[in-house]
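Asker: Data file entry36.txt (compact mmCIF, C-alpha atoms (C1' of nucleotides)) is appended below.
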# COMPACT_ATOMS: atom_id res chain seq x y z
CA MET V 110 -0.31 157.41 114.95
CA ARG V 111 2.18 160.04 116.03
CA ILE V 112 5.19 161.36 114.20
CA GLY V 113 7.77 158.92 115.60
CA GLU V 114 5.78 155.87 114.67
CA LEU V 115 5.02 157.13 111.18
CA ALA V 116 8.67 157.94 110.60
CA ALA V 117 9.74 154.49 111.79
CA ARG V 118 7.14 152.75 109.64
CA ALA V 119 8.26 154.65 106.57
CA GLY V 120 11.93 154.22 107.32
CA THR V 121 12.63 157.91 107.70
CA THR V 122 13.02 160.46 110.48
CA THR V 123 10.78 162.83 112.36
CA ARG V 124 12.91 165.68 111.09
CA ALA V 125 12.12 164.76 107.51
CA LEU V 126 8.39 164.63 108.25
CA ARG V 127 8.43 168.06 109.84
CA TYR V 128 10.37 169.29 106.85
CA TYR V 129 7.82 167.88 104.42
CA GLU V 130 5.09 169.55 106.39
CA SER V 131 6.93 172.87 106.28
CA ARG V 132 7.11 172.49 102.52
CA GLY V 133 3.36 171.92 102.31
CA LEU V 134 3.49 168.20 101.54
CA LEU V 135 1.97 165.81 104.07
CA ALA V 136 -0.10 167.96 106.42
CA ALA V 137 -0.80 166.61 109.89
CA ARG V 138 -3.72 166.93 112.23
CA ARG V 139 -3.05 167.86 115.86
CA ASP V 140 -4.30 166.26 119.03
CA ALA V 141 -5.21 168.10 122.25
CA ARG V 142 -1.55 168.38 123.29
CA GLY V 143 -0.48 169.82 119.95
CA TYR V 144 1.11 166.55 118.83
CA ARG V 145 0.99 165.71 115.13
CA THR V 146 -1.40 162.88 114.34
CA TYR V 147 -1.40 160.76 111.19
CA GLY V 148 -3.56 158.05 109.67
CA GLU V 149 -2.81 155.07 107.44
CA GLU V 150 -3.46 157.23 104.41
CA ASP V 151 -0.59 159.47 105.39
CA LEU V 152 1.69 156.45 105.41
CA ARG V 153 0.79 155.86 101.77
CA LEU V 154 1.55 159.44 100.87
CA LEU V 155 4.82 159.30 102.74
CA ARG V 156 5.84 156.06 101.05
CA GLN V 157 5.16 157.69 97.71
CA ILE V 158 7.39 160.60 98.62
CA ARG V 159 10.19 158.33 99.85
CA THR V 160 10.01 156.14 96.77
CA LEU V 161 10.36 159.07 94.42
CA GLN V 162 13.08 160.62 96.56
CA ASN V 163 15.04 157.37 96.45
CA ALA V 164 14.69 157.40 92.69
CA GLY V 165 16.25 160.85 92.57
CA PHE V 166 13.17 163.03 92.25
CA GLY V 167 13.25 166.38 94.00
CA LEU V 168 10.72 167.10 96.72
CA GLU V 169 8.77 169.51 94.55
CA GLU V 170 8.52 166.88 91.87
CA THR V 171 6.77 164.53 94.27
CA ARG V 172 4.00 167.04 94.90
CA PRO V 173 1.75 166.04 91.96
CA PHE V 174 1.99 162.40 93.02
CA VAL V 175 1.02 163.18 96.59
CA GLU V 176 -1.88 165.35 95.51
CA CYS V 177 -2.97 162.63 93.14
CA LEU V 178 -3.11 160.12 95.98
CA ARG V 179 -4.92 162.59 98.21
CA ALA V 180 -7.49 163.07 95.45
CA GLY V 181 -8.37 159.40 95.91
CA HIS V 182 -6.64 157.90 92.91
CA PRO V 183 -5.31 154.34 93.22
CA THR V 184 -1.70 155.30 92.52
CA GLY V 185 0.25 158.52 92.65
CA ASP V 186 0.89 158.43 88.93
CA SER V 187 -2.76 158.13 87.92
CA CYS V 188 -2.91 161.83 87.16
CA PRO V 189 -1.75 163.83 84.13
CA ALA V 190 0.42 166.11 86.25
CA SER V 191 2.35 163.12 87.57
CA LEU V 192 2.83 161.72 84.08
CA GLU V 193 4.11 165.09 83.01
CA VAL V 194 6.70 164.93 85.78
CA TYR V 195 7.62 161.46 84.53
CA ARG V 196 8.15 162.84 81.04
CA GLU V 197 10.26 165.72 82.23
CA LYS V 198 12.28 163.38 84.40
CA LEU V 199 12.79 161.02 81.52
CA ALA V 200 14.17 163.82 79.35
CA GLU V 201 16.31 164.99 82.23
CA LEU V 202 17.64 161.50 82.81
CA ASP V 203 18.40 161.04 79.13
CA ALA V 204 20.33 164.29 79.01
CA HIS V 205 22.14 163.49 82.22
CA ILE V 206 23.04 159.97 81.14
CA ALA V 207 24.19 161.17 77.74
CA ARG V 208 26.45 163.73 79.32
CA LEU V 209 27.91 161.29 81.81
CA SER V 210 28.42 158.73 79.08
CA ALA V 211 30.31 161.23 76.97
CA VAL V 212 32.57 162.07 79.89
CA ARG V 213 32.99 158.41 80.66
CA GLU V 214 34.12 157.72 77.11
CA LEU V 215 36.64 160.53 77.22
CA VAL V 216 38.09 159.37 80.52
CA ARG V 217 38.29 155.83 79.23
CA GLU V 218 40.15 156.99 76.14
CA ARG V 219 42.61 159.03 78.14
CA LEU V 220 43.26 156.04 80.36
CA ALA V 221 43.73 153.75 77.38
CA ASP V 222 46.12 156.27 75.77
CA ALA V 223 48.16 156.42 78.95
CA ASP V 224 48.35 152.66 79.22
CA ALA V 225 49.34 152.35 75.57
CA GLY V 226 51.92 155.08 75.99
CA ALA V 227 53.37 153.27 79.00
CA ALA V 228 53.58 150.00 77.03
CA ALA V 229 55.08 151.36 73.78
CA ASP V 230 57.57 153.46 75.67
CA SER V 231 59.56 154.86 72.76
CA ALA V 232 56.54 156.20 70.91
CA PRO V 233 54.41 157.98 73.50
CA ALA V 234 53.19 160.58 71.04
CA PRO V 235 49.41 161.09 71.39
CA PRO V 236 48.30 159.57 68.05
CA PRO V 237 45.11 161.22 66.77
CA ALA V 238 44.61 163.80 69.58
CA PRO V 239 40.93 164.52 68.88
CA ARG V 240 40.43 167.11 71.61
CA CYS V 241 36.72 167.81 71.50
CA ALA V 242 34.80 170.75 72.87
CA LEU V 243 34.22 169.07 76.20
CA TRP V 244 37.90 168.23 76.46
CA PRO V 245 39.91 171.07 74.95
CA ALA V 246 43.14 170.54 76.90
CA MET L 22 48.89 189.36 83.52
CA ARG L 23 46.54 190.32 86.31
CA ILE L 24 43.55 188.45 87.64
CA GLY L 25 40.89 190.01 85.41
CA GLU L 26 42.75 189.24 82.22
CA LEU L 27 43.51 185.68 83.24
CA ALA L 28 39.89 185.08 84.18
CA ALA L 29 38.70 186.49 80.85
CA ARG L 30 41.19 184.41 78.87
CA ALA L 31 40.12 181.25 80.65
CA GLY L 32 36.43 182.05 80.43
CA THR L 33 35.90 182.24 84.14
CA THR L 34 35.65 184.88 86.87
CA THR L 35 38.04 186.58 89.26
CA ARG L 36 36.01 185.18 92.10
CA ALA L 37 36.71 181.64 90.96
CA LEU L 38 40.44 182.35 90.71
CA ARG L 39 40.58 183.74 94.22
CA TYR L 40 38.65 180.71 95.37
CA TYR L 41 41.12 178.33 93.70
CA GLU L 42 43.94 180.18 95.37
CA SER L 43 42.25 179.90 98.75
CA ARG L 44 41.99 176.15 98.15
CA GLY L 45 45.70 175.95 97.42
CA LEU L 46 45.40 175.40 93.67
CA LEU L 47 46.85 178.05 91.36
CA ALA L 48 49.03 180.26 93.55
CA ALA L 49 49.72 183.81 92.35
CA ARG L 50 52.70 186.11 92.68
CA ARG L 51 52.08 189.67 93.83
CA ASP L 52 53.28 192.95 92.36
CA ALA L 53 54.27 196.04 94.32
CA ARG L 54 50.65 197.06 94.86
CA GLY L 55 49.66 193.66 96.16
CA TYR L 56 47.87 192.76 92.90
CA ARG L 57 47.93 189.11 91.86
CA THR L 58 50.19 188.46 88.87
CA TYR L 59 50.09 185.42 86.59
CA GLY L 60 52.10 184.04 83.70
CA GLU L 61 51.20 182.00 80.65
CA GLU L 62 51.90 178.82 82.59
CA ASP L 63 49.14 179.71 85.02
CA LEU L 64 46.75 179.92 82.10
CA ARG L 65 47.57 176.31 81.26
CA LEU L 66 46.94 175.21 84.83
CA LEU L 67 43.70 177.13 84.92
CA ARG L 68 42.53 175.65 81.64
CA GLN L 69 43.23 172.19 83.04
CA ILE L 70 41.15 172.97 86.09
CA ARG L 71 38.27 174.34 84.01
CA THR L 72 38.32 171.40 81.64
CA LEU L 73 38.03 168.91 84.45
CA GLN L 74 35.42 170.98 86.20
CA ASN L 75 33.35 171.09 83.04
CA ALA L 76 33.63 167.34 82.84
CA GLY L 77 32.19 167.03 86.34
CA PHE L 78 35.35 166.55 88.38
CA GLY L 79 35.42 168.09 91.84
CA LEU L 80 38.04 170.72 92.60
CA GLU L 81 40.05 168.39 94.81
CA GLU L 82 40.14 165.86 92.00
CA THR L 83 41.83 168.37 89.73
CA ARG L 84 44.72 168.83 92.16
CA PRO L 85 46.87 165.93 90.90
CA PHE L 86 46.51 167.19 87.33
CA VAL L 87 47.56 170.70 88.28
CA GLU L 88 50.54 169.47 90.27
CA CYS L 89 51.48 167.23 87.36
CA LEU L 90 51.56 170.22 85.02
CA ARG L 91 53.50 172.29 87.53
CA ALA L 92 56.05 169.47 87.74
CA GLY L 93 56.78 170.12 84.09
CA HIS L 94 54.96 167.23 82.49
CA PRO L 95 53.51 167.74 79.01
CA THR L 96 49.90 167.05 80.07
CA GLY L 97 48.09 167.02 83.39
CA ASP L 98 47.39 163.33 83.13
CA SER L 99 51.00 162.28 82.62
CA CYS L 100 51.29 161.30 86.26
CA PRO L 101 50.14 158.18 88.13
CA ALA L 102 48.09 160.19 90.61
CA SER L 103 46.07 161.71 87.77
CA LEU L 104 45.48 158.31 86.21
CA GLU L 105 44.29 157.05 89.55
CA VAL L 106 41.76 159.88 89.65
CA TYR L 107 40.69 158.84 86.15
CA ARG L 108 40.14 155.29 87.35
CA GLU L 109 38.14 156.35 90.37
CA LYS L 110 36.09 158.68 88.23
CA LEU L 111 35.43 155.95 85.73
CA ALA L 112 34.09 153.65 88.43
CA GLU L 113 32.06 156.50 89.85
CA LEU L 114 30.64 157.30 86.43
CA ASP L 115 29.76 153.66 85.80
CA ALA L 116 27.92 153.42 89.09
CA HIS L 117 26.17 156.71 88.53
CA ILE L 118 25.14 155.85 84.99
CA ALA L 119 23.92 152.43 86.03
CA ARG L 120 21.77 153.91 88.73
CA LEU L 121 20.33 156.58 86.46
CA SER L 122 19.66 154.01 83.76
CA ALA L 123 17.77 151.82 86.19
CA VAL L 124 15.62 154.75 87.25
CA ARG L 125 15.14 155.74 83.64
CA GLU L 126 13.89 152.28 82.77
CA LEU L 127 11.43 152.33 85.66
CA VAL L 128 10.07 155.71 84.70
CA ARG L 129 9.76 154.64 81.10
CA GLU L 130 7.81 151.54 82.13
CA ARG L 131 5.46 153.52 84.31
CA LEU L 132 4.82 155.91 81.46
CA ALA L 133 4.23 153.09 79.03
CA ASP L 134 1.84 151.43 81.49
CA ALA L 135 -0.07 154.66 81.87
CA ASP L 136 -0.34 155.15 78.13
CA ALA L 137 -1.43 151.55 77.62
CA GLY L 138 -3.97 151.91 80.43
CA ALA L 139 -5.33 155.05 78.83
CA ALA L 140 -5.65 153.28 75.45
CA ALA L 141 -7.24 150.03 76.63
CA ASP L 142 -9.65 151.85 78.88
CA SER L 143 -11.71 148.92 80.12
CA ALA L 144 -8.73 146.87 81.28
CA PRO L 145 -6.51 149.27 83.20
CA ALA L 146 -5.31 146.61 85.63
CA PRO L 147 -1.52 146.82 86.04
CA PRO L 148 -0.56 143.54 84.33
CA PRO L 149 2.66 142.10 85.83
CA ALA L 150 3.30 144.75 88.55
CA PRO L 151 6.94 143.87 89.16
CA ARG L 152 7.58 146.41 91.89
CA CYS L 153 11.30 146.18 92.52
CA ALA L 154 13.31 147.27 95.50
CA LEU L 155 13.95 150.67 94.03
CA TRP L 156 10.30 151.11 93.29
CA PRO L 157 8.30 149.49 96.10
CA ALA L 158 5.10 151.52 95.74
C1' DC D 274 9.56 162.96 143.35
C1' DC D 275 12.45 161.99 139.78
C1' DT D 276 13.73 159.95 135.55
C1' DG D 277 12.92 158.66 130.84
C1' DG D 278 10.80 158.89 126.59
C1' DC D 279 7.94 161.00 123.54
C1' DG D 280 6.45 165.46 121.56
C1' DT D 281 6.97 170.77 120.38
C1' DT D 282 9.42 175.05 118.13
C1' DG D 283 13.52 177.64 116.69
C1' DA D 284 18.02 178.11 115.14
C1' DC D 285 22.31 177.03 113.33
C1' DC D 286 25.40 173.48 110.48
C1' DC D 287 26.69 170.76 106.39
C1' DC D 288 28.28 170.07 101.39
C1' DG D 289 30.59 172.68 96.67
C1' DG D 290 31.56 176.31 94.07
C1' DC D 291 31.30 180.11 93.67
C1' DG D 292 27.86 185.07 93.35
C1' DT D 293 27.25 189.23 95.36
C1' DC D 294 27.79 192.98 98.13
C1' DA D 295 30.74 196.36 101.14
C1' DA D 296 34.47 199.29 102.04
C1' DG D 297 38.75 200.76 100.67
C1' DC D 298 43.18 201.45 97.72
C1' DC D 299 45.44 202.73 93.14
C1' DG D 300 46.19 204.90 88.84
C1' DT D 301 44.47 207.26 84.85
C1' DA D 302 41.63 210.12 81.89
C1' DC D 303 38.80 214.03 81.62
C1' DG Y 154 39.08 217.56 91.41
C1' DT Y 155 36.66 213.66 90.55
C1' DA Y 156 34.84 210.01 88.32
C1' DC Y 157 35.89 205.47 86.62
C1' DG Y 158 37.76 200.91 86.23
C1' DG Y 159 40.51 197.35 88.30
C1' DC Y 160 42.36 195.53 92.34
C1' DT Y 161 42.28 194.09 97.57
C1' DT Y 162 40.04 191.63 101.74
C1' DG Y 163 36.05 189.97 104.35
C1' DA Y 164 31.61 188.32 104.99
C1' DC Y 165 27.17 186.65 103.90
C1' DG Y 166 23.85 184.13 100.45
C1' DC Y 167 22.45 180.18 97.78
C1' DC Y 168 20.82 175.46 96.54
C1' DG Y 169 18.43 170.63 98.81
C1' DG Y 170 17.34 167.80 102.28
C1' DG Y 171 17.51 167.39 106.10
C1' DG Y 172 21.15 166.63 110.94
C1' DT Y 173 21.89 168.22 115.26
C1' DC Y 174 21.51 170.85 119.16
C1' DA Y 175 18.74 173.76 122.78
C1' DA Y 176 15.11 174.50 125.83
C1' DC Y 177 10.85 173.38 126.85
C1' DG Y 178 6.00 170.55 127.72
C1' DC Y 179 3.47 166.21 128.88
C1' DC Y 180 2.78 161.84 130.79
C1' DA Y 181 3.74 157.18 132.88
C1' DG Y 182 6.43 154.06 135.82
C1' DG Y 183 9.12 152.96 139.89
Rewrite the structure of this file - the entire thing - as structure tokens.
Answerer:
Amino acid sequence: MRIGELAARAGTTTRALRYYESRGLLAARRDARGYRTYGEEDLRLLRQIRTLQNAGFGLEETRPFVECLRAGHPTGDSCPASLEVYREKLAELDAHIARLSAVRELVRERLADADAGAAADSAPAPPPAPRCALWPA
Amino acid sequence: MRIGELAARAGTTTRALRYYESRGLLAARRDARGYRTYGEEDLRLLRQIRTLQNAGFGLEETRPFVECLRAGHPTGDSCPASLEVYREKLAELDAHIARLSAVRELVRERLADADAGAAADSAPAPPPAPRCALWPA
DNA sequence: CCTGGCGTTGACCCCGGCGTCAAGCCGTAC
DNA sequence: GTACGGCTTGACGCCGGGGTCAACGCCAGG
């Protein structure tokens, strides 16, 4: 299988594959003409990469999963290093979600205040005004 | 007040201020030497920008708030355009949070599966294996 | 023979929000 | 004088994950 076919079967592009190779993920063999050649196993590795990428993992974070598969394990997350990435990602997601949720709540409050102020037109004074650290103005 | 002082008082850098000016936010007057000169009002505008930036708004999204303040309104979000940005941001945050939460749940499941598989060593078969669209592998 | 389709490498472009020089001007303190 | 700190403009770097040329090689079909 050559690069175009692999890319098509994984739903990605040849450019991405060459990029992965340049980063040291997904090495390719070469045929007599210098063309990259891949096997079915490479499709598995590539699918693992794409799956994690779609889930928001960075390329470097997919490396343990790919190496795990190359080591012959049934799934990319059968190895301790992959599970460690999971744990880090989980913490990262929690922090990220918490932060976004806090912002979301603030925006929602500001919107609600504005709507209330527009309704009760004569008393548009901002009632409690609990400007927190994230929202000092 | 010159650029260095304003930057210090707003907790940012001169580089950022020049950048904002190049983007058409926060214009500055010039003194005889060509130095940028700012007033207290500019500090308010700048604080509004920084607050929104800290909350994850893009620079362009802060523009309605800044213009609202410059128009003499008591707060940056006293104008319809600002409220519209709030609404868009709210939807954006909801979508973003939902996506992150879905990923978080998947990662958590995979971790739990791995831990369970490590505990019950003789039966490490992935029980239900509900590989969803986001997580095909 | 020529065209078309695949492959190759190398190099620059994109996005946002600045950081980090470089070279030069201005005023002040020593 | 000269050294220093603050200001000016301009230009390039960075981060990730590739997109999009350019210029070329290789092979098959009509």
Asker: Taking all atoms listed in the file into account, find every residue of chain V that has an atom no more than 9 Å from chain L, and write it out as an NGL selection string.
Answerer: :V and (153 or 156-157 or 160-161 or 163-165 or 184 or 186-187 or 192 or 195-196 or 198-199 or 202-203 or 205-206 or 208-210 or 212-214 or 216-217 or 219-220 or 223 or 243-246)
Asker: Could the residues of chain D within 9 Å of chain L, counting all atoms listed in the file, be given as a list in words, please?
Answerer: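 Per the criterion, chain D yields DG289, DG290, DC291, DG292 and DC299 of chain D.
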Asker: Given all atoms listed in the file, how would the per-residue table for chain L near chain Y read, listing every residue at most 10 Å away with its closest atom pair and distance in Å to one decimal, sorted by chain and number, as a Markdown table?
Answerer:
| residue | atom | partner | partner_atom | distance |
| --- | --- | --- | --- | --- |
| L:Arg23 | CA | Y:DC160 | C1' | 9.0 |
| L:Ile24 | CA | Y:DC160 | C1' | 8.6 |
| L:Gly25 | CA | Y:DG159 | C1' | 7.9 |
| L:Arg54 | CA | Y:DC160 | C1' | 8.8 |
| L:Gly55 | CA | Y:DT161 | C1' | 7.5 |
| L:Tyr56 | CA | Y:DC160 | C1' | 6.2 |
| L:Arg57 | CA | Y:DC160 | C1' | 8.5 |
Asker: Missing atoms in stretch 109-130 of chain L: can you complete it with N, CA and C atoms, as a short mmCIF file (atom, residue, chain, number, x, y, z; two decimals), in the frame of the given file?
Answerer:
data_model
loop_
_atom_site.label_atom_id
_atom_site.label_comp_id
_atom_site.auth_asym_id
_atom_site.auth_seq_id
_atom_site.Cartn_x
_atom_site.Cartn_y
_atom_site.Cartn_z
N GLU L 109 39.22 156.17 89.38
CA GLU L 109 38.14 156.35 90.37
C GLU L 109 36.93 157.00 89.72
N LYS L 110 37.19 157.98 88.87
CA LYS L 110 36.09 158.68 88.23
C LYS L 110 35.33 157.75 87.30
N LEU L 111 36.06 156.91 86.64
CA LEU L 111 35.43 155.95 85.73
C LEU L 111 34.48 155.03 86.49
N ALA L 112 34.94 154.52 87.61
CA ALA L 112 34.09 153.65 88.43
C ALA L 112 32.88 154.42 88.93
N GLU L 113 33.13 155.64 89.35
CA GLU L 113 32.06 156.50 89.85
C GLU L 113 31.03 156.76 88.76
N LEU L 114 31.52 157.05 87.56
CA LEU L 114 30.64 157.30 86.43
C LEU L 114 29.82 156.05 86.09
N ASP L 115 30.47 154.91 86.10
CA ASP L 115 29.76 153.66 85.80
C ASP L 115 28.63 153.44 86.79
N ALA L 116 28.94 153.63 88.06
CA ALA L 116 27.92 153.42 89.09
C ALA L 116 26.79 154.42 88.91
N HIS L 117 27.16 155.65 88.68
CA HIS L 117 26.17 156.71 88.53
C HIS L 117 25.27 156.45 87.32
N ILE L 118 25.90 156.11 86.21
CA ILE L 118 25.14 155.85 84.99
C ILE L 118 24.23 154.64 85.16
N ALA L 119 24.73 153.63 85.82
CA ALA L 119 23.92 152.43 86.03
C ALA L 119 22.68 152.76 86.84
N ARG L 120 22.89 153.54 87.87
CA ARG L 120 21.77 153.91 88.73
C ARG L 120 20.75 154.74 87.97
N LEU L 121 21.23 155.73 87.23
CA LEU L 121 20.33 156.58 86.46
C LEU L 121 19.59 155.77 85.40
N SER L 122 20.29 154.82 84.80
CA SER L 122 19.66 154.01 83.76
C SER L 122 18.56 153.15 84.33
N ALA L 123 18.79 152.63 85.53
CA ALA L 123 17.77 151.82 86.19
C ALA L 123 16.53 152.66 86.46
N VAL L 124 16.74 153.86 86.98
CA VAL L 124 15.62 154.75 87.25
C VAL L 124 14.92 155.10 85.95
N ARG L 125 15.71 155.38 84.94
CA ARG L 125 15.14 155.74 83.64
C ARG L 125 14.22 154.64 83.12
N GLU L 126 14.68 153.41 83.26
CA GLU L 126 13.89 152.28 82.77
C GLU L 126 12.57 152.17 83.53
N LEU L 127 12.64 152.39 84.84
CA LEU L 127 11.43 152.33 85.66
C LEU L 127 10.45 153.42 85.26
N VAL L 128 10.94 154.60 85.08
CA VAL L 128 10.07 155.71 84.70
C VAL L 128 9.45 155.43 83.33
N ARG L 129 10.26 154.93 82.44
CA ARG L 129 9.76 154.64 81.10
C ARG L 129 8.65 153.60 81.15
N GLU L 130 8.84 152.58 81.99
CA GLU L 130 7.81 151.54 82.13
C GLU L 130 6.51 152.11 82.68
#
